[in-house]
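Here's the structure, in structure tokens; my notes come after.
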Amino acid sequence: MGFFNRLKDSLAKTRQGFVEKIDTLIHRRKEIDEDVYEELEEILVQADVGVATAMELVEKVRSIVKERRIEDAAEIKPVLKEQIREMLGTGSMPINTYWQSPTVILVVGVNGVGKTTTIGKMAHLYKMEGKKVLLGAADTFRAAAIDQLEVWAERVNVDLIKHREGSDPAAVAYDSLQAAKARGADLLIIDTAGRLHTKSNLMEELKKIGRVLDRAMPGAPHEVLLVLDATTGQNAVNQAKLFGEAVGVTGIVLTKLDGSAKGGVVLGVKHALNIPVKLIGIGEGIDDLRPFDVEEFVEALFS
Ligand SMILES: Nc1nc2c(ncn2[C@@H]2O[C@H](COP(=O)(O)OP(=O)(O)O)[C@@H](O)[C@H]2O)c(=O)[nH]1
Ligand SMILES: [Mg+2]
């Protein structure tokens, strides 16, 4: 099955909780009155679009309905689709690549969102594009975290730089960068810890990694990817604010869109933070990660 079909399958639950409810609404209502807008807003909020985003979307739909003198409720759906597409921006946002090798990508996010898995899939994705990829195991908090990344490195057949459990993550980042330069890697992807109960420590640790990388290669990291779990809905938006303030996130990876009824969070994240969603994860397999493409996503959502 192609990625688009799998994306469509993944969004089935979101579609049920969202597009199908809208279908029911417009078939029941026929005419457009205040209740229709209210129900529409409620459906959007339930799909985890976020209250502010839902309100703004409904306002946009309302003004277009007025402008185009639309009377039939059924015509609200294409207007909504068009406005969602517009809110998400067009096309896809590629991963920043630096003119000089290696491009350094730092991957951050709380525990369990899918950082390590995403890095494994990314390594595969970019290796398939012909890039030489190196991984840095800077989540040194547990030995198991290092082992997990190593399993991925072996599976994808890329090199990995690691230190012992409990060692300084910034030192791992530094050594990874030196190794990436020495081995002529195109892409260095660095894994990090995500335990939030030591929130300020984690942020300090991530800042230190950033400083060390920048000193070793001015401008690095070139991309700070925040991994968010789509099933956590609006909580993902809060995490993005937290990390965004501390470490200057440049892109979002939204994982676990499969099986989540909360695909609307794509809109919430984009609208509330204005950080582009760059990659989406739709499963645990090696091929289950893709660049986020607005057209594809909206089509899959409304199909
Ligand atoms: N269904 C699904 N599971 C995922 C996805 N991405 C990661 N996972 C799973 O989420 C769990 C936590 O992932 P992990 O990479 O260890 O998270 P980390 O703590 O952020 O490094 C693992 O069981 C992964 O297989 C995804 O896109 N879809
Ligand atoms: Mg991990």
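Labels used: A, B, ... for chains in the order of the structure tokens, numbers from 1 for residues in each chain, and numbers from 1 for ligands as shown.
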
Given a cut-off of 9 Å, what residues near ligand 2 show up using only C-alpha atoms and all ligand atoms, put as a PDB file with N, CA and C atoms, in the first residue's frame?
```pdb
ATOM      1  N   VAL A 110       9.547  15.203  24.876  1.00  0.00           N
ATOM      2  CA  VAL A 110       9.400  14.475  26.138  1.00  0.00           C
ATOM      3  C   VAL A 110       9.459  12.962  25.893  1.00  0.00           C
ATOM      4  N   ASN A 111       9.625  12.227  26.974  1.00  0.00           N
ATOM      5  CA  ASN A 111       9.731  10.769  26.905  1.00  0.00           C
ATOM      6  C   ASN A 111       8.542  10.126  26.213  1.00  0.00           C
ATOM      7  N   GLY A 112       8.825   9.159  25.373  1.00  0.00           N
ATOM      8  CA  GLY A 112       7.767   8.328  24.821  1.00  0.00           C
ATOM      9  C   GLY A 112       7.056   8.877  23.600  1.00  0.00           C
ATOM     10  N   VAL A 113       7.417  10.080  23.156  1.00  0.00           N
ATOM     11  CA  VAL A 113       6.718  10.660  22.003  1.00  0.00           C
ATOM     12  C   VAL A 113       7.146  10.007  20.689  1.00  0.00           C
ATOM     13  N   GLY A 114       8.324   9.384  20.699  1.00  0.00           N
ATOM     14  CA  GLY A 114       8.785   8.708  19.482  1.00  0.00           C
ATOM     15  C   GLY A 114      10.077   9.260  18.889  1.00  0.00           C
ATOM     16  N   LYS A 115      10.886   9.911  19.702  1.00  0.00           N
ATOM     17  CA  LYS A 115      12.145  10.501  19.196  1.00  0.00           C
ATOM     18  C   LYS A 115      13.062   9.457  18.571  1.00  0.00           C
ATOM     19  N   THR A 116      13.374   8.421  19.343  1.00  0.00           N
ATOM     20  CA  THR A 116      14.364   7.446  18.886  1.00  0.00           C
ATOM     21  C   THR A 116      13.868   6.710  17.635  1.00  0.00           C
ATOM     22  N   THR A 117      12.603   6.336  17.675  1.00  0.00           N
ATOM     23  CA  THR A 117      11.993   5.666  16.523  1.00  0.00           C
ATOM     24  C   THR A 117      12.038   6.570  15.290  1.00  0.00           C
ATOM     25  N   ASP A 139      21.025  10.646  24.342  1.00  0.00           N
ATOM     26  CA  ASP A 139      20.166  10.313  25.478  1.00  0.00           C
ATOM     27  C   ASP A 139      20.944   9.283  26.283  1.00  0.00           C
ATOM     28  N   ALA A 144      19.360   1.553  28.127  1.00  0.00           N
ATOM     29  CA  ALA A 144      18.381   1.027  27.170  1.00  0.00           C
ATOM     30  C   ALA A 144      18.123   2.012  26.029  1.00  0.00           C
ATOM     31  N   ALA A 145      18.222   3.309  26.337  1.00  0.00           N
ATOM     32  CA  ALA A 145      17.984   4.328  25.310  1.00  0.00           C
ATOM     33  C   ALA A 145      19.092   4.283  24.252  1.00  0.00           C
ATOM     34  N   ILE A 146      20.317   4.067  24.722  1.00  0.00           N
ATOM     35  CA  ILE A 146      21.459   3.959  23.800  1.00  0.00           C
ATOM     36  C   ILE A 146      21.311   2.687  22.956  1.00  0.00           C
ATOM     37  N   GLN A 148      18.625   1.082  22.178  1.00  0.00           N
ATOM     38  CA  GLN A 148      17.497   1.206  21.241  1.00  0.00           C
ATOM     39  C   GLN A 148      17.928   1.921  19.959  1.00  0.00           C
ATOM     40  N   LEU A 149      18.713   2.985  20.121  1.00  0.00           N
ATOM     41  CA  LEU A 149      19.188   3.715  18.940  1.00  0.00           C
ATOM     42  C   LEU A 149      20.178   2.856  18.161  1.00  0.00           C
ATOM     43  N   ASP A 191      20.068  12.192  19.067  1.00  0.00           N
ATOM     44  CA  ASP A 191      18.969  11.819  19.970  1.00  0.00           C
ATOM     45  C   ASP A 191      19.223  12.478  21.335  1.00  0.00           C
ATOM     46  N   THR A 192      18.162  12.821  22.043  1.00  0.00           N
ATOM     47  CA  THR A 192      18.326  13.430  23.373  1.00  0.00           C
ATOM     48  C   THR A 192      17.340  12.810  24.355  1.00  0.00           C
ATOM     49  N   ALA A 193      17.576  13.089  25.634  1.00  0.00           N
ATOM     50  CA  ALA A 193      16.685  12.576  26.678  1.00  0.00           C
ATOM     51  C   ALA A 193      15.422  13.429  26.745  1.00  0.00           C
ATOM     52  N   GLY A 194      14.381  12.898  27.409  1.00  0.00           N
ATOM     53  CA  GLY A 194      13.140  13.653  27.455  1.00  0.00           C
ATOM     54  C   GLY A 194      12.410  13.585  28.780  1.00  0.00           C
TER      55      GLY A 194
END
```

>> Considering only alpha helix (DSSP H) as DSSP defines it on the backbone, what residues of segment 1-245 of chain A qualify? List them as a PyMOL selection string.
In response: chain A and resi 3-10+12-16+19-29+34-46+51-67+76-88+115-128+143-156+169-182+199-216+234-245

File dump, residues just selected, C-alpha atoms, as a CSV table (one decimal), in the first residue's frame:
```
chain,number,residue,atom,x,y,z
A,3,PHE,CA,2.0,6.1,1.7
A,4,PHE,CA,-1.1,8.1,0.7
A,5,ASN,CA,-3.4,5.2,1.3
A,6,ARG,CA,-1.8,4.4,4.6
A,7,LEU,CA,-2.1,8.1,5.6
A,8,LYS,CA,-5.8,7.9,4.6
A,9,ASP,CA,-6.1,4.8,6.8
A,10,SER,CA,-4.3,6.5,9.7
A,12,ALA,CA,-9.7,7.3,9.6
A,13,LYS,CA,-10.4,8.0,13.3
A,14,THR,CA,-9.9,11.7,12.9
A,15,ARG,CA,-12.1,11.7,9.8
A,16,GLN,CA,-14.9,9.9,11.7
A,19,VAL,CA,-15.5,15.2,8.5
A,20,GLU,CA,-18.2,12.7,9.1
A,21,LYS,CA,-19.7,14.8,11.9
A,22,ILE,CA,-19.6,17.8,9.5
A,23,ASP,CA,-21.4,15.7,6.9
A,24,THR,CA,-24.1,14.8,9.4
A,25,LEU,CA,-24.4,18.4,10.4
A,26,ILE,CA,-24.8,19.8,6.9
A,27,HIS,CA,-27.3,17.1,5.9
A,28,ARG,CA,-29.4,17.7,8.9
A,29,ARG,CA,-29.4,21.4,8.6
A,34,GLU,CA,-26.1,30.5,13.8
A,35,ASP,CA,-26.4,27.0,15.2
A,36,VAL,CA,-24.6,25.5,12.3
A,37,TYR,CA,-21.5,27.7,13.1
A,38,GLU,CA,-21.7,26.8,16.7
A,39,GLU,CA,-21.9,23.1,16.0
A,40,LEU,CA,-19.0,23.4,13.5
A,41,GLU,CA,-16.9,25.1,16.1
A,42,GLU,CA,-17.7,22.3,18.6
A,43,ILE,CA,-16.7,19.6,16.1
A,44,LEU,CA,-13.4,21.3,15.4
A,45,VAL,CA,-12.6,21.7,19.1
A,46,GLN,CA,-13.4,18.0,19.6
A,51,VAL,CA,-10.3,26.6,20.8
A,52,ALA,CA,-8.6,29.7,19.3
A,53,THR,CA,-7.9,28.0,16.0
A,54,ALA,CA,-11.5,26.6,15.8
A,55,MET,CA,-12.9,30.1,16.4
A,56,GLU,CA,-10.7,31.6,13.8
A,57,LEU,CA,-11.6,29.0,11.2
A,58,VAL,CA,-15.3,29.4,11.8
A,59,GLU,CA,-15.0,33.1,11.5
A,60,LYS,CA,-13.2,32.7,8.1
A,61,VAL,CA,-15.9,30.3,6.9
A,62,ARG,CA,-18.6,32.7,8.1
A,63,SER,CA,-17.1,35.6,6.2
A,64,ILE,CA,-16.7,33.6,3.0
A,65,VAL,CA,-20.2,32.3,3.2
A,66,LYS,CA,-21.4,35.9,3.4
A,67,GLU,CA,-19.1,37.1,0.7
A,76,ILE,CA,-19.7,24.8,3.9
A,77,LYS,CA,-17.6,21.7,3.6
A,78,PRO,CA,-15.5,22.8,0.5
A,79,VAL,CA,-15.1,26.2,2.1
A,80,LEU,CA,-13.8,24.7,5.3
A,81,LYS,CA,-11.4,22.4,3.4
A,82,GLU,CA,-10.0,25.4,1.5
A,83,GLN,CA,-9.6,27.4,4.8
A,84,ILE,CA,-7.8,24.5,6.5
A,85,ARG,CA,-5.5,24.1,3.6
A,86,GLU,CA,-4.8,27.9,3.7
A,87,MET,CA,-4.1,27.8,7.4
A,88,LEU,CA,-1.6,25.0,7.0
A,115,LYS,CA,12.1,10.5,19.2
A,116,THR,CA,14.4,7.4,18.9
A,117,THR,CA,12.0,5.7,16.5
A,118,THR,CA,11.7,8.8,14.4
A,119,ILE,CA,15.5,9.1,14.2
A,120,GLY,CA,15.7,5.5,13.0
A,121,LYS,CA,13.1,6.1,10.3
A,122,MET,CA,14.8,9.4,9.3
A,123,ALA,CA,18.1,7.7,9.0
A,124,HIS,CA,16.4,5.2,6.6
A,125,LEU,CA,14.6,7.9,4.7
A,126,TYR,CA,17.7,10.0,4.1
A,127,LYS,CA,20.0,7.0,3.4
A,128,MET,CA,17.5,6.0,0.7
A,143,ALA,CA,21.5,2.3,28.8
A,144,ALA,CA,18.4,1.0,27.2
A,145,ALA,CA,18.0,4.3,25.3
A,146,ILE,CA,21.5,4.0,23.8
A,147,ASP,CA,20.8,0.3,22.9
A,148,GLN,CA,17.5,1.2,21.2
A,149,LEU,CA,19.2,3.7,18.9
A,150,GLU,CA,21.9,1.2,18.3
A,151,VAL,CA,19.4,-1.4,17.1
A,152,TRP,CA,18.1,1.2,14.6
A,153,ALA,CA,21.6,2.1,13.5
A,154,GLU,CA,22.3,-1.6,12.7
A,155,ARG,CA,18.9,-2.1,11.1
A,156,VAL,CA,19.4,0.9,8.7
A,169,PRO,CA,25.1,14.4,26.6
A,170,ALA,CA,26.9,17.5,25.3
A,171,ALA,CA,30.2,15.5,25.1
A,172,VAL,CA,28.4,12.8,23.0
A,173,ALA,CA,27.0,15.6,20.7
A,174,TYR,CA,30.5,17.1,20.4
A,175,ASP,CA,32.1,13.7,19.6
A,176,SER,CA,29.4,12.9,17.1
A,177,LEU,CA,30.0,16.2,15.3
A,178,GLN,CA,33.7,15.6,15.1
A,179,ALA,CA,33.1,12.1,13.8
A,180,ALA,CA,30.6,13.3,11.3
A,181,LYS,CA,33.2,15.8,9.9
A,182,ALA,CA,36.0,13.2,9.9
A,199,LYS,CA,12.3,20.1,33.4
A,200,SER,CA,14.7,22.9,34.1
A,201,ASN,CA,17.6,20.4,34.0
A,202,LEU,CA,16.5,19.0,30.7
A,203,MET,CA,16.2,22.5,29.2
A,204,GLU,CA,19.7,23.4,30.5
A,205,GLU,CA,21.1,20.2,29.2
A,206,LEU,CA,19.6,20.8,25.7
A,207,LYS,CA,20.9,24.4,25.7
A,208,LYS,CA,24.3,23.1,26.6
A,209,ILE,CA,24.2,20.7,23.7
A,210,GLY,CA,23.3,23.6,21.4
A,211,ARG,CA,26.2,25.7,22.7
A,212,VAL,CA,28.7,22.9,22.3
A,213,LEU,CA,27.5,22.2,18.7
A,214,ASP,CA,27.6,25.8,17.8
A,215,ARG,CA,31.2,26.2,19.1
A,216,ALA,CA,32.3,23.1,17.1
A,234,GLN,CA,-3.7,19.9,23.0
A,235,ASN,CA,-1.0,18.8,25.4
A,236,ALA,CA,1.3,18.6,22.4
A,237,VAL,CA,0.8,22.3,21.9
A,238,ASN,CA,1.8,23.0,25.5
A,239,GLN,CA,5.0,21.0,25.0
A,240,ALA,CA,5.8,22.9,21.9
A,241,LYS,CA,5.6,26.2,23.8
A,242,LEU,CA,7.9,24.8,26.5
A,243,PHE,CA,10.6,23.5,24.2
A,244,GLY,CA,10.2,26.4,21.8
A,245,GLU,CA,11.0,28.9,24.4
```

> In terms of the shortest atom-to-atom distance over only C-alpha atoms and all ligand atoms, which of A:Leu257, A:Ile70, A:Ile286, A:Ile105 is closest to ligand 1?
Replying inline: A:Leu257

>> as a PyMOL selection string, please: every residue in segment 110-291 of chain A that a backbone DSSP assignment puts in strand (DSSP E).
In response: chain A and resi 133-138+159-161+187-192+223-229+251-255+277-281+289-291

Mind dumping the selected residues with N, CA and C atoms as a tab-separated table (two decimals), in the first residue's frame?
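Listing of part.tsv after writing:
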```tsv
chain	number	residue	atom	x	y	z
A	133	VAL	N	24.54	9.17	6.57
A	133	VAL	CA	23.93	9.57	7.84
A	133	VAL	C	24.74	9.02	9.02
A	134	LEU	N	24.90	9.85	10.04
A	134	LEU	CA	25.53	9.39	11.29
A	134	LEU	C	24.59	9.72	12.44
A	135	LEU	N	24.50	8.83	13.43
A	135	LEU	CA	23.63	9.08	14.58
A	135	LEU	C	24.46	9.34	15.84
A	136	GLY	N	23.96	10.23	16.69
A	136	GLY	CA	24.61	10.51	17.97
A	136	GLY	C	23.66	10.14	19.10
A	137	ALA	N	24.11	9.27	20.01
A	137	ALA	CA	23.24	8.78	21.09
A	137	ALA	C	23.39	9.66	22.33
A	138	ALA	N	22.83	10.85	22.29
A	138	ALA	CA	22.99	11.78	23.41
A	138	ALA	C	21.88	11.66	24.46
A	159	ASP	N	26.33	4.51	10.88
A	159	ASP	CA	27.20	4.56	12.06
A	159	ASP	C	26.54	5.29	13.21
A	160	LEU	N	27.01	4.95	14.41
A	160	LEU	CA	26.47	5.56	15.63
A	160	LEU	C	27.61	5.93	16.56
A	161	ILE	N	27.52	7.09	17.17
A	161	ILE	CA	28.51	7.48	18.17
A	161	ILE	C	27.83	7.44	19.53
A	187	LEU	N	24.77	14.10	7.04
A	187	LEU	CA	23.72	14.38	8.01
A	187	LEU	C	24.06	13.74	9.35
A	188	LEU	N	24.02	14.57	10.39
A	188	LEU	CA	24.19	14.03	11.75
A	188	LEU	C	22.87	14.23	12.48
A	189	ILE	N	22.32	13.16	13.02
A	189	ILE	CA	21.06	13.26	13.75
A	189	ILE	C	21.33	12.86	15.21
A	190	ILE	N	21.00	13.78	16.13
A	190	ILE	CA	21.34	13.55	17.53
A	190	ILE	C	20.09	13.31	18.37
A	191	ASP	N	20.07	12.19	19.07
A	191	ASP	CA	18.97	11.82	19.97
A	191	ASP	C	19.22	12.48	21.33
A	192	THR	N	18.16	12.82	22.04
A	192	THR	CA	18.33	13.43	23.37
A	192	THR	C	17.34	12.81	24.36
A	223	GLU	N	18.95	22.37	12.46
A	223	GLU	CA	17.51	22.06	12.62
A	223	GLU	C	17.32	21.49	14.03
A	224	VAL	N	16.35	22.05	14.74
A	224	VAL	CA	15.96	21.46	16.03
A	224	VAL	C	14.54	20.94	15.85
A	225	LEU	N	14.43	19.63	15.78
A	225	LEU	CA	13.12	19.02	15.54
A	225	LEU	C	12.49	18.62	16.87
A	226	LEU	N	11.30	19.14	17.10
A	226	LEU	CA	10.54	18.75	18.29
A	226	LEU	C	9.57	17.64	17.90
A	227	VAL	N	9.68	16.52	18.59
A	227	VAL	CA	8.77	15.41	18.30
A	227	VAL	C	7.57	15.49	19.24
A	228	LEU	N	6.38	15.45	18.66
A	228	LEU	CA	5.14	15.52	19.43
A	228	LEU	C	4.26	14.32	19.09
A	229	ASP	N	3.61	13.80	20.11
A	229	ASP	CA	2.73	12.65	19.96
A	229	ASP	C	1.31	13.16	19.69
A	251	GLY	N	11.30	22.97	13.70
A	251	GLY	CA	10.36	22.12	12.97
A	251	GLY	C	9.73	21.11	13.91
A	252	ILE	N	8.56	20.63	13.52
A	252	ILE	CA	7.82	19.66	14.34
A	252	ILE	C	7.76	18.32	13.60
A	253	VAL	N	7.91	17.26	14.35
A	253	VAL	CA	7.60	15.93	13.83
A	253	VAL	C	6.38	15.46	14.61
A	254	LEU	N	5.31	15.17	13.93
A	254	LEU	CA	4.10	14.71	14.60
A	254	LEU	C	3.98	13.20	14.40
A	255	THR	N	4.12	12.47	15.52
A	255	THR	CA	4.09	11.01	15.43
A	255	THR	C	2.72	10.47	15.82
A	277	VAL	N	5.12	21.93	10.63
A	277	VAL	CA	5.19	20.48	10.78
A	277	VAL	C	5.99	19.98	9.59
A	278	LYS	N	7.12	19.33	9.84
A	278	LYS	CA	7.99	18.92	8.73
A	278	LYS	C	7.88	17.44	8.39
A	279	LEU	N	7.62	16.63	9.41
A	279	LEU	CA	7.54	15.18	9.16
A	279	LEU	C	6.36	14.63	9.95
A	280	ILE	N	5.75	13.56	9.42
A	280	ILE	CA	4.70	12.89	10.18
A	280	ILE	C	4.99	11.40	10.26
A	281	GLY	N	4.65	10.85	11.41
A	281	GLY	CA	4.83	9.41	11.63
A	281	GLY	C	3.47	8.74	11.68
A	289	LEU	N	7.39	7.05	8.05
A	289	LEU	CA	7.68	8.47	8.28
A	289	LEU	C	7.80	9.16	6.93
A	290	ARG	N	7.20	10.31	6.82
A	290	ARG	CA	7.25	11.05	5.56
A	290	ARG	C	7.30	12.54	5.82
A	291	PRO	N	7.84	13.30	4.84
A	291	PRO	CA	7.69	14.75	4.92
A	291	PRO	C	6.20	15.08	4.95
```

> Which one of A:Glu284, A:Glu129, A:Asp168, A:Glu75 sits closest to ligand 1 if you count only C-alpha atoms and all ligand atoms?
Replying inline: A:Glu284

>> Considering only C-alpha atoms and all ligand atoms, can you say which of A:Gly109, A:Gly233, A:Pro94, A:Pro276 comes closest to ligand 1?
In response: A:Gly109
